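One structure is given below, encoded as structure tokens.
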Amino acid sequence: MQRSQWNSNIGFLAAAIGSAIGLGNIWRFSYMCYDNGGGAFLIPYVVALLTAGIPLMILEFGLGHRHVGSAPKSLHLVAPHWEWLGWYSVVFVMFGIMLYYVVIIGWCVNYFIFAMDLHWGDHPEAFFLEDFLGRSAGPSELGNVRLTILLATAIVWFIHWFISYRDIAKGIERACKIFMPVLFVLTSILVVWTLSLPGSGEGIRWYLKPDLGKIFSGEKWYKVWAAAYGQIFFTLSLGFGIMIAYASYLDRKANIVQLAVWTSVVNCCYSFFAGFAVFGTLGYMAQKTGLPPEEVVQSGPGLAFIAYPQAISLLPFGRELFGMMFFFVLILAGVSSGVSIMEAFASAAQDKFGFPRAKLITLLCVLGFLGSILFTTQAGLHWLDIVDHFLNIYGLVFVGLMECIIIGWAYKTIKLRKHVDQLSKRHWSPLWANSIKWVVPIILLFILAQNFWGEVKEPYGGYSWAAVIVLGFGWVVATLFAGVVISLLPWKTEMKPPEDSSA
Ligand code: PHE
């Protein structure tokens, strides 16, 4: 069977950027700046981008492109005993992160509709936590499934199915080529709109006022650096097997380095830009309500579903339109990341077992929907918080670290360097190789150790030990186990070594 291909490099870029730009760019990045030294945070952020983000992106693109395969197949071709790592990455992302990522996009769909009549009323916090989520007292109290959320989750799974069941060019590429320009235009409108509001300038000052002390001499300066590196891995969708799969559909002559640089830089510029809309709005709200920054600034779901609705209700005109645009932006950013997660797993299953695509995608969406139901219960928010924390650290960071060790040390970077270099005009390989061998693994190891230390000191997020062990560690171990088992099954398809394997 002929492997699917992107129609053009631009189409590939739209999809890769679509994967990278997700909810995190909007609700996480600007808060991290605010919390970690304002504009000064851009220094560790750019350093992280240059020394870890782009090198790892080149590694993942190079790996998928050279071996023309998903993460498990590429790693199998590096050495069969590494295949399990590839499976682990695509299993934890598909049967972990994806299950709740879709539910969050479902919340955005609900809120898109709520925005039509500012349904959250005068108390958005109570509305979100009580009326909408019906949040239970803790992770062990599942309560009932929330029907509005369930319905929206089903719709979002259907959208994923609709985009992905066709082949790459007709499905994901076509969708992302529409989604990305619309996303940029809508975000620009939101930025201009917010900047015209009184008080927005003050908000931007909170976002970007540099505090160099925090990053160089503050008490916990190294935490700021670790946060910058952590954000770079997450925002670029690295360590999930996604970029490996996407690059496997590239043209044989594609310039890997150039594409990696474009994907990474556009993603980071988007985060920076979207921060103006976020903090502009928060500044306006602070001025209107007279509240200090600590009271209005939030990140994550608190920003999107509590602070933003509150600000929207205070706008002088066009509230409904502004609200709908904001949630639509989140939906676009979310879906273009969601389809990439599913693709990481789907391409792996197709590579190994030769499943027909449309049937496989249908099955994945049905299974995914069933799994998502857990997160539509009244304990959903607790579950999501715990699983998200554990999978991002012990999934993403761990896989990223192992990739560097395998490629940098066991496999020797030279093979991948040759492949990448021969496709680009300038040769960056010495710089790249040193990042992969030294900079990235050392930092990832530090992040891993720092988190692990935090984990054993006290249970994450103030939850009970039981919840953290069952849900957090349980999910990590279960997906790892599944990954290892799948890697032991025999291959049903033919495996071709890379064309340049004599190199
Ligand atoms: N990169 C995305 C973001 O910043 C997140 C993401 C996570 C994408 C997992 C794909 C998979 O939000």
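We label chains A, B, ... in the order they appear in the structure tokens, count residues from 1 in each chain, and number ligands from 1 in the order shown.
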Non-local contacts of Ala277 of chain A (12 Å; only C-alpha atoms; under 2 positions in same chain excluded) as a ChimeraX atom specification: /A:25-27,30,186-197,200-201,203-204,207,270-275,279-284,308,311,322,325-326,329
Output of the above residues as a compact mmCIF listing (two decimals), in the first residue's frame, restricted to N, CA, C and O atoms:
# COMPACT_ATOMS: atom_id res chain seq x y z
N ASN A 25 -1.12 27.39 24.21
CA ASN A 25 -0.60 28.67 23.71
C ASN A 25 -1.45 29.82 24.20
O ASN A 25 -0.98 30.93 24.37
N ILE A 26 -2.73 29.56 24.37
CA ILE A 26 -3.63 30.64 24.72
C ILE A 26 -3.74 30.77 26.24
O ILE A 26 -3.62 31.85 26.78
N TRP A 27 -3.93 29.66 26.91
CA TRP A 27 -4.22 29.83 28.34
C TRP A 27 -3.03 29.55 29.26
O TRP A 27 -3.14 29.65 30.45
N SER A 30 0.99 33.03 28.40
CA SER A 30 1.05 34.40 28.91
C SER A 30 1.07 34.40 30.44
O SER A 30 1.74 35.22 31.06
N LEU A 186 -8.85 35.54 13.43
CA LEU A 186 -9.69 35.76 14.61
C LEU A 186 -8.86 36.23 15.80
O LEU A 186 -9.27 37.12 16.54
N THR A 187 -7.68 35.64 15.96
CA THR A 187 -6.83 36.06 17.09
C THR A 187 -6.43 37.52 16.90
O THR A 187 -6.43 38.30 17.86
N SER A 188 -6.12 37.91 15.66
CA SER A 188 -5.73 39.30 15.43
C SER A 188 -6.89 40.24 15.76
O SER A 188 -6.68 41.29 16.38
N ILE A 189 -8.10 39.83 15.39
CA ILE A 189 -9.24 40.69 15.71
C ILE A 189 -9.38 40.83 17.23
O ILE A 189 -9.57 41.92 17.76
N LEU A 190 -9.22 39.70 17.92
CA LEU A 190 -9.33 39.76 19.39
C LEU A 190 -8.26 40.66 19.99
O LEU A 190 -8.52 41.43 20.91
N VAL A 191 -7.04 40.58 19.44
CA VAL A 191 -5.96 41.40 19.98
C VAL A 191 -6.28 42.88 19.76
O VAL A 191 -6.21 43.69 20.70
N VAL A 192 -6.65 43.24 18.55
CA VAL A 192 -6.92 44.65 18.26
C VAL A 192 -8.10 45.13 19.11
O VAL A 192 -8.06 46.21 19.71
N TRP A 193 -9.10 44.31 19.20
CA TRP A 193 -10.29 44.67 20.00
C TRP A 193 -9.90 44.93 21.46
O TRP A 193 -10.25 45.94 22.04
N THR A 194 -9.15 44.00 22.04
CA THR A 194 -8.80 44.18 23.46
C THR A 194 -7.90 45.39 23.65
O THR A 194 -8.04 46.10 24.65
N LEU A 195 -7.00 45.62 22.70
CA LEU A 195 -6.09 46.75 22.90
C LEU A 195 -6.82 48.09 22.84
O LEU A 195 -6.32 49.09 23.33
N SER A 196 -8.02 48.08 22.26
CA SER A 196 -8.76 49.35 22.20
C SER A 196 -9.53 49.61 23.50
O SER A 196 -10.12 50.65 23.68
N LEU A 197 -9.50 48.65 24.42
CA LEU A 197 -10.26 48.81 25.66
C LEU A 197 -9.44 49.56 26.71
O LEU A 197 -8.23 49.37 26.79
N SER A 200 -6.31 48.10 29.11
CA SER A 200 -5.61 46.97 28.52
C SER A 200 -4.09 47.16 28.63
O SER A 200 -3.34 46.21 28.84
N GLY A 201 -3.66 48.44 28.51
CA GLY A 201 -2.22 48.73 28.59
C GLY A 201 -1.65 48.26 29.92
O GLY A 201 -0.55 47.69 29.98
N GLY A 203 -2.77 45.82 31.73
CA GLY A 203 -2.70 44.36 31.66
C GLY A 203 -1.45 43.90 30.93
O GLY A 203 -0.74 42.99 31.38
N ILE A 204 -1.15 44.57 29.81
CA ILE A 204 0.04 44.20 29.05
C ILE A 204 1.29 44.43 29.89
O ILE A 204 2.26 43.68 29.82
N TYR A 207 1.84 41.54 31.99
CA TYR A 207 2.29 40.42 31.15
C TYR A 207 3.77 40.53 30.86
O TYR A 207 4.52 39.55 30.95
N TYR A 270 3.03 32.94 17.90
CA TYR A 270 1.58 32.96 18.13
C TYR A 270 1.29 33.08 19.63
O TYR A 270 0.42 33.84 20.04
N SER A 271 2.00 32.31 20.44
CA SER A 271 1.78 32.38 21.89
C SER A 271 1.98 33.80 22.40
O SER A 271 1.19 34.32 23.18
N PHE A 272 3.06 34.41 21.95
CA PHE A 272 3.40 35.76 22.39
C PHE A 272 2.29 36.73 22.00
O PHE A 272 1.83 37.55 22.79
N PHE A 273 1.83 36.58 20.77
CA PHE A 273 0.80 37.46 20.23
C PHE A 273 -0.52 37.28 20.98
O PHE A 273 -1.17 38.24 21.40
N ALA A 274 -0.91 36.01 21.18
CA ALA A 274 -2.19 35.74 21.85
C ALA A 274 -2.18 36.29 23.28
O ALA A 274 -3.22 36.67 23.82
N GLY A 275 -1.00 36.39 23.87
CA GLY A 275 -0.87 36.92 25.23
C GLY A 275 -1.41 38.34 25.34
O GLY A 275 -1.92 38.74 26.39
N PHE A 279 -4.01 39.22 28.25
CA PHE A 279 -3.72 40.20 29.31
C PHE A 279 -4.39 41.54 29.07
O PHE A 279 -4.71 42.26 30.02
N GLY A 280 -4.63 41.89 27.80
CA GLY A 280 -5.38 43.12 27.52
C GLY A 280 -6.77 43.02 28.15
O GLY A 280 -7.23 43.94 28.83
N THR A 281 -7.39 41.87 27.98
CA THR A 281 -8.74 41.68 28.54
C THR A 281 -8.70 41.69 30.06
O THR A 281 -9.55 42.31 30.71
N LEU A 282 -7.68 41.04 30.63
CA LEU A 282 -7.60 41.00 32.09
C LEU A 282 -7.37 42.41 32.65
O LEU A 282 -7.93 42.77 33.69
N GLY A 283 -6.55 43.19 31.95
CA GLY A 283 -6.29 44.57 32.39
C GLY A 283 -7.57 45.38 32.37
O GLY A 283 -7.87 46.15 33.30
N TYR A 284 -8.33 45.19 31.32
CA TYR A 284 -9.61 45.91 31.22
C TYR A 284 -10.52 45.52 32.38
O TYR A 284 -11.13 46.37 33.04
N TYR A 308 -12.36 34.91 31.75
CA TYR A 308 -12.77 35.46 30.47
C TYR A 308 -14.27 35.73 30.39
O TYR A 308 -14.67 36.83 30.01
N ALA A 311 -14.97 38.88 32.15
CA ALA A 311 -14.54 40.06 31.40
C ALA A 311 -15.49 40.33 30.23
O ALA A 311 -15.84 41.47 29.96
N PHE A 322 -17.74 38.80 20.80
CA PHE A 322 -16.40 38.64 21.36
C PHE A 322 -16.28 37.26 22.01
O PHE A 322 -15.32 36.52 21.80
N MET A 325 -16.21 34.48 19.46
CA MET A 325 -14.92 34.43 18.75
C MET A 325 -13.86 33.79 19.63
O MET A 325 -13.07 32.97 19.18
N PHE A 326 -13.83 34.17 20.90
CA PHE A 326 -12.82 33.62 21.80
C PHE A 326 -12.95 32.10 21.91
O PHE A 326 -11.96 31.36 21.75
N VAL A 329 -11.89 30.36 18.73
CA VAL A 329 -10.43 30.28 18.61
C VAL A 329 -9.91 29.07 19.40
O VAL A 329 -9.10 28.29 18.91
Sorted by chain and rising residue number, list the residues of chain A at most 7 Å from ligand 1 (counting only C-alpha atoms and all ligand atoms), each with its closest atom pair and distance in Å to one decimal, as a tab-separated table.
residue	atom	partner	partner_atom_place_in_ligand_line	distance
A:Ser19	CA	ligand 1	8 (C)	5.3
A:Ala20	CA	ligand 1	1 (N)	3.9
A:Ile21	CA	ligand 1	4 (O)	5.2
A:Gly22	CA	ligand 1	12 (O)	3.3
A:Leu23	CA	ligand 1	12 (O)	4.0
A:Gly24	CA	ligand 1	12 (O)	3.4
A:Asn25	CA	ligand 1	4 (O)	4.9
A:Val93	CA	ligand 1	11 (C)	6.8
A:Ile97	CA	ligand 1	9 (C)	6.5
A:Phe234	CA	ligand 1	1 (N)	5.4
A:Thr235	CA	ligand 1	4 (O)	3.6
A:Leu236	CA	ligand 1	1 (N)	5.1
A:Ser237	CA	ligand 1	1 (N)	4.4
A:Phe240	CA	ligand 1	11 (C)	6.6
A:Ser337	CA	ligand 1	8 (C)	4.7
A:Gly338	CA	ligand 1	10 (C)	6.2
A:Ser340	CA	ligand 1	10 (C)	6.4
A:Ile341	CA	ligand 1	11 (C)	5.4
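Residues surrounding Ser336 of chain A within 10 Å are A:Ala14, A:Ala15, A:Ala16, A:Ile17, A:Gly18, A:Ser19, A:Ala20, A:Ile21, A:Gly22, A:His160, A:Ile163, A:Ile172, A:Glu173, A:Ala175, A:Cys176, A:Phe179, A:Met180, A:Ile331, A:Ile341 [only C-alpha atoms; sequence separation below 5 positions excluded].
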What would the file look like if the residues just selected were written as a PDB file, in the first residue's frame with N, CA, C and O atoms?
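And here's selection.pdb as it stands now:
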ATOM      1  N   ALA A  14       1.009  23.760   7.897  1.00  0.00           N
ATOM      2  CA  ALA A  14      -0.280  24.106   8.520  1.00  0.00           C
ATOM      3  C   ALA A  14      -0.645  23.044   9.554  1.00  0.00           C
ATOM      4  O   ALA A  14      -1.092  23.358  10.659  1.00  0.00           O
ATOM      5  N   ALA A  15      -0.415  21.775   9.204  1.00  0.00           N
ATOM      6  CA  ALA A  15      -0.785  20.704  10.130  1.00  0.00           C
ATOM      7  C   ALA A  15       0.145  20.671  11.341  1.00  0.00           C
ATOM      8  O   ALA A  15      -0.313  20.518  12.480  1.00  0.00           O
ATOM      9  N   ALA A  16       1.447  20.816  11.102  1.00  0.00           N
ATOM     10  CA  ALA A  16       2.393  20.757  12.224  1.00  0.00           C
ATOM     11  C   ALA A  16       2.194  21.955  13.151  1.00  0.00           C
ATOM     12  O   ALA A  16       2.221  21.819  14.380  1.00  0.00           O
ATOM     13  N   ILE A  17       1.971  23.127  12.565  1.00  0.00           N
ATOM     14  CA  ILE A  17       1.720  24.310  13.394  1.00  0.00           C
ATOM     15  C   ILE A  17       0.375  24.137  14.104  1.00  0.00           C
ATOM     16  O   ILE A  17       0.213  24.487  15.272  1.00  0.00           O
ATOM     17  N   GLY A  18      -0.568  23.539  13.406  1.00  0.00           N
ATOM     18  CA  GLY A  18      -1.879  23.282  14.021  1.00  0.00           C
ATOM     19  C   GLY A  18      -1.749  22.380  15.231  1.00  0.00           C
ATOM     20  O   GLY A  18      -2.430  22.561  16.236  1.00  0.00           O
ATOM     21  N   SER A  19      -0.856  21.410  15.150  1.00  0.00           N
ATOM     22  CA  SER A  19      -0.644  20.535  16.294  1.00  0.00           C
ATOM     23  C   SER A  19       0.005  21.304  17.435  1.00  0.00           C
ATOM     24  O   SER A  19      -0.388  21.194  18.593  1.00  0.00           O
ATOM     25  N   ALA A  20       1.004  22.098  17.081  1.00  0.00           N
ATOM     26  CA  ALA A  20       1.742  22.828  18.123  1.00  0.00           C
ATOM     27  C   ALA A  20       0.863  23.874  18.794  1.00  0.00           C
ATOM     28  O   ALA A  20       0.859  23.999  20.017  1.00  0.00           O
ATOM     29  N   ILE A  21       0.121  24.614  18.002  1.00  0.00           N
ATOM     30  CA  ILE A  21      -0.743  25.632  18.603  1.00  0.00           C
ATOM     31  C   ILE A  21      -1.973  24.930  19.171  1.00  0.00           C
ATOM     32  O   ILE A  21      -2.759  24.337  18.445  1.00  0.00           O
ATOM     33  N   GLY A  22      -2.074  24.994  20.467  1.00  0.00           N
ATOM     34  CA  GLY A  22      -3.216  24.341  21.111  1.00  0.00           C
ATOM     35  C   GLY A  22      -3.697  25.213  22.249  1.00  0.00           C
ATOM     36  O   GLY A  22      -3.347  26.398  22.335  1.00  0.00           O
ATOM     37  N   HIS A 160     -13.540  15.188  14.896  1.00  0.00           N
ATOM     38  CA  HIS A 160     -12.241  14.525  14.701  1.00  0.00           C
ATOM     39  C   HIS A 160     -12.353  13.398  13.677  1.00  0.00           C
ATOM     40  O   HIS A 160     -11.502  13.228  12.818  1.00  0.00           O
ATOM     41  N   ILE A 163     -12.684  14.768  10.135  1.00  0.00           N
ATOM     42  CA  ILE A 163     -11.446  15.297   9.542  1.00  0.00           C
ATOM     43  C   ILE A 163     -10.482  14.157   9.210  1.00  0.00           C
ATOM     44  O   ILE A 163      -9.823  14.162   8.170  1.00  0.00           O
ATOM     45  N   ILE A 172      -6.592  15.791   7.148  1.00  0.00           N
ATOM     46  CA  ILE A 172      -5.936  16.721   8.070  1.00  0.00           C
ATOM     47  C   ILE A 172      -5.378  17.947   7.360  1.00  0.00           C
ATOM     48  O   ILE A 172      -5.544  19.073   7.812  1.00  0.00           O
ATOM     49  N   GLU A 173      -4.721  17.718   6.220  1.00  0.00           N
ATOM     50  CA  GLU A 173      -4.090  18.857   5.546  1.00  0.00           C
ATOM     51  C   GLU A 173      -5.137  19.887   5.120  1.00  0.00           C
ATOM     52  O   GLU A 173      -4.987  21.084   5.355  1.00  0.00           O
ATOM     53  N   ALA A 175      -8.128  20.395   6.295  1.00  0.00           N
ATOM     54  CA  ALA A 175      -8.742  21.067   7.449  1.00  0.00           C
ATOM     55  C   ALA A 175      -7.799  22.125   8.023  1.00  0.00           C
ATOM     56  O   ALA A 175      -8.207  23.254   8.291  1.00  0.00           O
ATOM     57  N   CYS A 176      -6.522  21.754   8.186  1.00  0.00           N
ATOM     58  CA  CYS A 176      -5.601  22.695   8.823  1.00  0.00           C
ATOM     59  C   CYS A 176      -5.314  23.902   7.933  1.00  0.00           C
ATOM     60  O   CYS A 176      -5.041  24.990   8.430  1.00  0.00           O
ATOM     61  N   PHE A 179      -8.230  25.942   8.904  1.00  0.00           N
ATOM     62  CA  PHE A 179      -8.238  26.328  10.327  1.00  0.00           C
ATOM     63  C   PHE A 179      -7.180  27.376  10.671  1.00  0.00           C
ATOM     64  O   PHE A 179      -7.447  28.317  11.408  1.00  0.00           O
ATOM     65  N   MET A 180      -5.967  27.179  10.168  1.00  0.00           N
ATOM     66  CA  MET A 180      -4.884  28.050  10.629  1.00  0.00           C
ATOM     67  C   MET A 180      -5.082  29.518  10.223  1.00  0.00           C
ATOM     68  O   MET A 180      -5.001  30.395  11.075  1.00  0.00           O
ATOM     69  N   ILE A 331     -11.567  26.381  20.116  1.00  0.00           N
ATOM     70  CA  ILE A 331     -11.994  25.141  19.440  1.00  0.00           C
ATOM     71  C   ILE A 331     -11.067  24.835  18.261  1.00  0.00           C
ATOM     72  O   ILE A 331     -10.602  23.702  18.095  1.00  0.00           O
ATOM     73  N   ILE A 341      -2.957  14.181  17.571  1.00  0.00           N
ATOM     74  CA  ILE A 341      -2.782  13.122  18.575  1.00  0.00           C
ATOM     75  C   ILE A 341      -3.294  11.798  18.007  1.00  0.00           C
ATOM     76  O   ILE A 341      -2.638  10.761  18.079  1.00  0.00           O
TER      77      ILE A 341
END
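For the choices A:Lys209, A:His382, A:Lys214, A:Lys170, the atom-to-atom distance to Gly134 of chain A is smallest for A:His382 when using only C-alpha atoms.
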Distance criterion (only C-alpha atoms): nearest to Met285 of chain A out of A:Gln310, A:Ser299, A:Asn267, A:Gln422: A:Gln310
All alpha helix (DSSP H) positions in segment 280-455 of chain A, as a PyMOL selection string: chain A and resi 280-289+293-296+300-302+308-314+319-353+357-372+380-391+398-405+413-423+429-434+440-455
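Comparing the minimum interatomic distances between Lys352 of chain A and each of A:Ala466, A:Leu489, A:Ala260, A:Val484, counting only C-alpha atoms, we find that A:Leu489 sits nearest.
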Please provide the set of residues having any atom within 8 Å of Gly323 of chain A, restricted to only C-alpha atoms, with same-chain residues fewer than 3 positions apart removed, written as a compact mmCIF listing (two decimals) with all heavy atoms, in the first residue's frame.
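part.txt, freshly written:
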# COMPACT_ATOMS: atom_id res chain seq x y z
N PHE A 112 -19.15 28.27 23.73
CA PHE A 112 -19.41 29.00 22.48
C PHE A 112 -20.92 29.28 22.39
O PHE A 112 -21.35 30.39 22.06
CB PHE A 112 -18.94 28.14 21.30
CG PHE A 112 -19.27 28.71 19.96
CD1 PHE A 112 -18.50 29.73 19.43
CD2 PHE A 112 -20.35 28.24 19.22
CE1 PHE A 112 -18.80 30.28 18.18
CE2 PHE A 112 -20.65 28.77 17.98
CZ PHE A 112 -19.88 29.79 17.45
N ALA A 115 -22.06 31.74 25.08
CA ALA A 115 -21.69 33.13 24.80
C ALA A 115 -22.80 33.86 24.03
O ALA A 115 -22.92 35.08 24.10
CB ALA A 115 -20.39 33.17 24.00
N MET A 116 -23.63 33.09 23.35
CA MET A 116 -24.69 33.73 22.54
C MET A 116 -25.66 34.53 23.40
O MET A 116 -26.26 35.47 22.93
CB MET A 116 -25.45 32.67 21.75
CG MET A 116 -24.60 32.04 20.68
SD MET A 116 -25.53 30.75 19.84
CE MET A 116 -24.24 30.08 18.81
N PRO A 309 -15.11 34.76 30.78
CA PRO A 309 -16.54 35.06 30.77
C PRO A 309 -16.88 36.31 31.59
O PRO A 309 -17.69 37.13 31.18
CB PRO A 309 -17.17 33.81 31.39
CG PRO A 309 -16.22 32.73 31.05
CD PRO A 309 -14.86 33.35 31.10
N ILE A 312 -15.90 39.25 29.58
CA ILE A 312 -16.78 39.41 28.40
C ILE A 312 -18.06 40.13 28.82
O ILE A 312 -18.54 41.04 28.14
CB ILE A 312 -17.09 38.04 27.77
CG1 ILE A 312 -15.82 37.45 27.14
CG2 ILE A 312 -18.20 38.14 26.74
CD1 ILE A 312 -15.92 35.99 26.77
N ARG A 319 -20.54 42.00 23.17
CA ARG A 319 -20.10 40.94 24.11
C ARG A 319 -20.27 39.54 23.55
O ARG A 319 -19.37 38.72 23.64
CB ARG A 319 -20.93 41.03 25.39
CG ARG A 319 -20.60 42.23 26.20
CD ARG A 319 -21.54 42.33 27.36
NE ARG A 319 -22.34 43.51 27.15
CZ ARG A 319 -23.34 43.89 27.93
NH1 ARG A 319 -23.68 43.16 28.95
NH2 ARG A 319 -23.98 44.97 27.67
N GLU A 320 -21.44 39.30 22.99
CA GLU A 320 -21.73 37.95 22.50
C GLU A 320 -20.75 37.57 21.40
O GLU A 320 -20.18 36.47 21.40
CB GLU A 320 -23.16 37.84 21.98
CG GLU A 320 -24.24 38.01 23.03
CD GLU A 320 -24.52 39.47 23.40
OE1 GLU A 320 -23.92 40.37 22.79
OE2 GLU A 320 -25.33 39.70 24.32
N PHE A 326 -13.83 34.17 20.90
CA PHE A 326 -12.82 33.62 21.80
C PHE A 326 -12.95 32.10 21.91
O PHE A 326 -11.96 31.36 21.75
CB PHE A 326 -12.95 34.26 23.19
CG PHE A 326 -12.02 33.66 24.21
CD1 PHE A 326 -10.65 33.86 24.12
CD2 PHE A 326 -12.50 32.87 25.24
CE1 PHE A 326 -9.78 33.29 25.05
CE2 PHE A 326 -11.65 32.29 26.17
CZ PHE A 326 -10.28 32.51 26.07
N PHE A 327 -14.15 31.61 22.10
CA PHE A 327 -14.29 30.16 22.25
C PHE A 327 -14.09 29.43 20.93
O PHE A 327 -13.61 28.30 20.90
CB PHE A 327 -15.62 29.81 22.93
CG PHE A 327 -15.60 30.19 24.39
CD1 PHE A 327 -16.31 31.28 24.86
CD2 PHE A 327 -14.78 29.50 25.29
CE1 PHE A 327 -16.23 31.67 26.19
CE2 PHE A 327 -14.69 29.87 26.62
CZ PHE A 327 -15.42 30.97 27.07
Using only C-alpha atoms, find each residue of segment 321-418 of chain A with at least one atom at most 9 Å away from an atom of segment 446-451 of chain A; report its shortest atom-to-atom pair and that distance in Å (one decimal), sort the rows by chain and rising residue number, and return the result as a Markdown table.
| residue | atom | partner | partner_atom | distance |
| --- | --- | --- | --- | --- |
| A:Ile393 | CA | A:Leu448 | CA | 6.8 |
| A:Tyr394 | CA | A:Leu448 | CA | 7.5 |
| A:Val397 | CA | A:Leu448 | CA | 6.9 |
| A:Phe398 | CA | A:Leu448 | CA | 7.4 |
Output for the residues just chosen: C-alpha atoms as a short mmCIF file (atom, residue, chain, number, x, y, z; two decimals), in the first residue's frame:
data_model
loop_
_atom_site.label_atom_id
_atom_site.label_comp_id
_atom_site.auth_asym_id
_atom_site.auth_seq_id
_atom_site.Cartn_x
_atom_site.Cartn_y
_atom_site.Cartn_z
CA ILE A 393 5.87 14.74 33.15
CA TYR A 394 6.27 10.96 33.06
CA VAL A 397 9.43 14.45 29.50
CA PHE A 398 10.41 10.82 29.86
#
Near-segment 347-349 of chain A list (9 Å; only C-alpha atoms; drop same-chain fewer than 2 positions) as a PyMOL selection string: chain A and resi 69-73+86-87+90+245-246+342-345+351-355+357+360
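You can rank A:Trp475, A:Phe375, A:Trp383, A:Trp161 by their closest distance to Tyr463 of chain A using only C-alpha atoms, and at the top of that list sits A:Trp383.
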